[in-house]
Amino acid sequence: MKKFVSLMVAFVLVSACFSLVGCADRSEQLKIYLPGEYISKDVIEDFEDWYFEQTGNKVVVKETNFNTVEEIFTAVEQDHADFDLLCPSDYAVERLIKRGYLLEVDKNIIDIEQAGLIRPEFLEKAKISDPELKYSVPYMYGTFGIMYDTSAVEGEITSWDAIFTDKYGKNKSSNKDSIREAIFSAAIFANREELRAASEDFTNYGTPAYQDLLNRIYSDFSKESIDKAIDMLYQMKTYHNSTWGGEQLKYDMATRKTDIKIALMWSCDAGYVMNDFVDYNDVPHKGNKDLWYVVPEEGGNLYIDNWVISKYAKNVDAAQYFLKYLCLKDVAIENSEYAGAISVVSDAYNELKEEYENDDEIAQGAADPEAWKAMYIETLFPSASTVERCGTMIDFGDADTDITLKWVNVKK
């Protein structure tokens, strides 16, 4: 009987161990760290089968989500977290490379510079953070701008004054609970008159004067420049109590569970809730066709989210193959449709744009279907004029601590 009990206890302990992630065979797990609602569950499941077909090895993908890119820095730099793949934005890739936290992508498995794989304009943007394209594989792109509810806002919003003043009513607007988006939108608005003059009253964004000024705004981390943006954020707080919008805000605006009608929003989040979507609780909702998105006339940001392999990766082989898998056309299309963002993979981009342009039902339910459809396609596939008025974020570098402290204080 004692032997029997001992065997039963051992069996229970072993069974319990294998039910825990930490006890399972790590070589058969791929751990990924990315924003929520940013990769299709079907894509993850299909990868497990695809990887076995490619290599003969088994793998199970374990997904963990973050709310802001800054959480990656904590996970990697402080915690040395057990993740194989990370999904940071451009400036974060730059920082992770500089500090030696990334492994190189195996170009024998996936070479993003092979002809036609990635749209060239996005490859050039990716080089700002990864000059030799050694450590990152571009995934999705987008802009940040303003999403607003046309049923509650009179007229067309074109300027950041919708957030930084009470033009549309007190406590109706929200900035982003994200340090860079909040600060750079404030910096753009704080320099609006200089930007206006440089762009010939916001009619010509290709002038050297405008491009130089916009680039300086995105790269000037001097005390004077940052304090100018921070002061604008403090001024904004005098107009709006509910100031900092998180991930939940897009759902609340789409389902009208908030008094906020105007918010700084990433284009992927705006696109996600404009069409039928599933919220954090897996509850399905109809898309809100009263929502509208615009990159303000003063300027905005064009970002590229990338996949990178962590220095602390334990399943590098599966990570390399996952990067290749994400660049397959059908996979890229499925992820784009799921996330509300658009892939940088050329074949996926081209097919999706044609699909949206030929979809006669996409704007069904909108007050002005033709205008709404044009806005929606512009949200997902920004025109040359929109791209021209978008800067690109870079790492704060040595100014990071000072800027972060000021950000923490302005949020109090």
# chains A, B, ... in the order shown; residues from 1 in each chain; ligands from 1
>>> residues_around(residues="segment 243-253 of chain A", least_positions_apart="5", cutoff="8 Å", atoms="only C-alpha atoms", output="number ranges by chain")
A: 67, 149, 171, 173-177, 237, 258, 260-261, 263-265, 269-270, 273, 279, 411
>>> residues_around(residues="Ala318 of chain A", least_positions_apart="6", cutoff="12 Å", atoms="only C-alpha atoms", output="number ranges by chain")
A: 26-32, 47-48, 50-52, 54-61, 84-85, 105-106, 109, 309, 324-325
>>> select_by_dssp(residues="segment 62-274 of chain A", states="strand (DSSP E)", output="PyMOL selection string")
chain A and resi 62-66+85-86+102-103+136-149+173-176+244-245+262-266
>>> atom_distance(atom1="atom CA of Gly287 of chain A", atom2="atom CA of Ala348 of chain A")
23.0 Å
